[in-house]
Amino acid sequence: MELSVEARSIVAKDLLSGLFTEVSKDFFFISDVKITESDLKEVILNSWNEIVVKNSLIECIGDTTNTEYLSIVQNDVIQGKTLISIRFHSENDKYQFYIAVNHALADEDSLNEISSAIIDLTYLSKSKVFQRLSDQRLAYRNYIYQQKNAKNTSLLASDITDSAPIVISKTGPLSWDNTCNRSCISSPKILASKHQVYEAIINWLHGEDIIEEGNVICSSHNWRCDGEKTIGMQTGLVPIFLRGDSFHEDTSLEKLEKVNEVYKKLLNSCRGSELFINGATSRSLEPSKKGSWLFPVGIEIKSISKGVVEVLLEGCFRDTLKAKNSLNKLGSYLSDRGNYV
């Protein structure tokens, strides 16, 4: 099965760790049209191939008293039991779905396409839905082809002077410890563009005794063109430099690490960073429902409505109140500029 360089990078990392990265989602809809396990196998077949179908677990659940089905499908994938795990329940025209997919097969955009296809089966012809999925699978193959045939570049390699990964201060407000409960803190709603909030976040990180050392924050980028819909892993890692440098390359570090050692070191620094700022599609799940985390501290700028965002901060913080107070200072900074809703 052909995979993008981003997907192959995930496979290599997961094989070394023995645990597999997943993307997951739960969703609900109402329809009097029956969806069967056979339909779901066709969704998987048209999105990937027969091998993935054979390595998928699909179950229509009758017992709805167990509220841990999302954790169950997540663990199925994390433990390597299956590539895709689906549990679903139907009663009185109400459907509840729990889906987890190996991250090498799908990113958040892909997962959203899959859930949309399942819902569309209830009011569009099956042939139309399956053809759309097949077209999206072929579009991903085209992305792989372009990666294989793209010329390697190294525009920034000679300019990168500091690629040390970010280490969070052990005495600051974002100090973390894996033995602490993971929590998510949200800012007030902010009237600003994501870019404006992003710049404010970088300024905030420079102060508050947040960073102990390092220059490279890990982030992500969706490499689809505007409006493009594909099914496959098409999100890659990119660096955010706390000081000075900018990253202007038009492809992910997983691809660029093949160019020279500077990019390989930069990718390792991204992976080693204790801070991640999501630059791609927001996760479908609330932070409390996530089955796995790759970074100790995560930041997401989430769009609420047009021109309105909020900042989500999550981690195993030693002092959640200190983290919240620090995030409120970021909110106050933007509020002083008339950015509160």
# chains A, B, ... in the order shown; residues from 1 in each chain; ligands from 1
call {"tool": "residues_around", "arguments": {"residues": "stretch 69-77 of chain A", "least_positions_apart": "5", "cutoff": "6 Å", "atoms": "only C-alpha atoms", "output": "list in words"}}
result
Thr82, Leu83, Ser85, Tyr98, Ala100 and Gly291 of chain A
call {"tool": "select_by_dssp", "arguments": {"residues": "stretch 21-169 of chain A", "states": "strand (DSSP E or B)", "output": "PyMOL selection string"}}
result
chain A and resi 22-30+56-60+84-91+94-102+165+167-168
call {"tool": "closest_residue", "arguments": {"among": "A:Val43, A:Leu242, A:Leu19, A:Ile201", "to": "A:Leu294", "atoms": "only C-alpha atoms"}}
result
A:Leu19
call {"tool": "select_by_dssp", "arguments": {"residues": "stretch 14-253 of chain A", "states": "alpha helix (DSSP H)", "output": "count of residues only"}}
result
81
call {"tool": "closest_residue", "arguments": {"among": "A:Cys225, A:Ile231, A:Leu57, A:Ile240", "to": "A:Ser110", "atoms": "only C-alpha atoms"}}
result
A:Ile231
call {"tool": "closest_residue", "arguments": {"among": "A:Ile99, A:Ala12, A:Ala192, A:Ala150", "to": "A:Gly307", "atoms": "only C-alpha atoms"}}
result
A:Ala192
call {"tool": "atom_distance", "arguments": {"atom1": "atom CA of A:Gly232", "atom2": "atom CA of A:Gln146"}}
result
14.3 Å
call {"tool": "residues_around", "arguments": {"residues": "A:Asp209", "least_positions_apart": "3", "cutoff": "9 Å", "atoms": "only C-alpha atoms", "output": "PyMOL selection string"}}
result
chain A and resi 168-169+171-174+205-206+212
call {"tool": "residues_around", "arguments": {"residues": "A:Leu105", "least_positions_apart": "5", "cutoff": "10 Å", "atoms": "only C-alpha atoms", "output": "list in words"}}
result
Leu3, Ser4, Ala7, Arg8, Ile10, Val11, Glu22, Val23, Ser47, Trp48, Val52, Leu83, Ile84, Ser110, Leu111, Ile231, Gly232, Met233 and Gln234 of chain A
call {"tool": "closest_residue", "arguments": {"among": "A:Lys265, A:Lys25, A:Arg132, A:Lys189", "to": "A:Ser115", "atoms": "only C-alpha atoms"}}
result
A:Lys25
call {"tool": "residues_around", "arguments": {"residues": "stretch 86-89 of chain A", "least_positions_apart": "2", "cutoff": "6 Å", "atoms": "only C-alpha atoms", "output": "JSON, numbers by chain"}}
result
{"A": [58, 59, 60, 61, 95, 96, 97, 98, 99]}
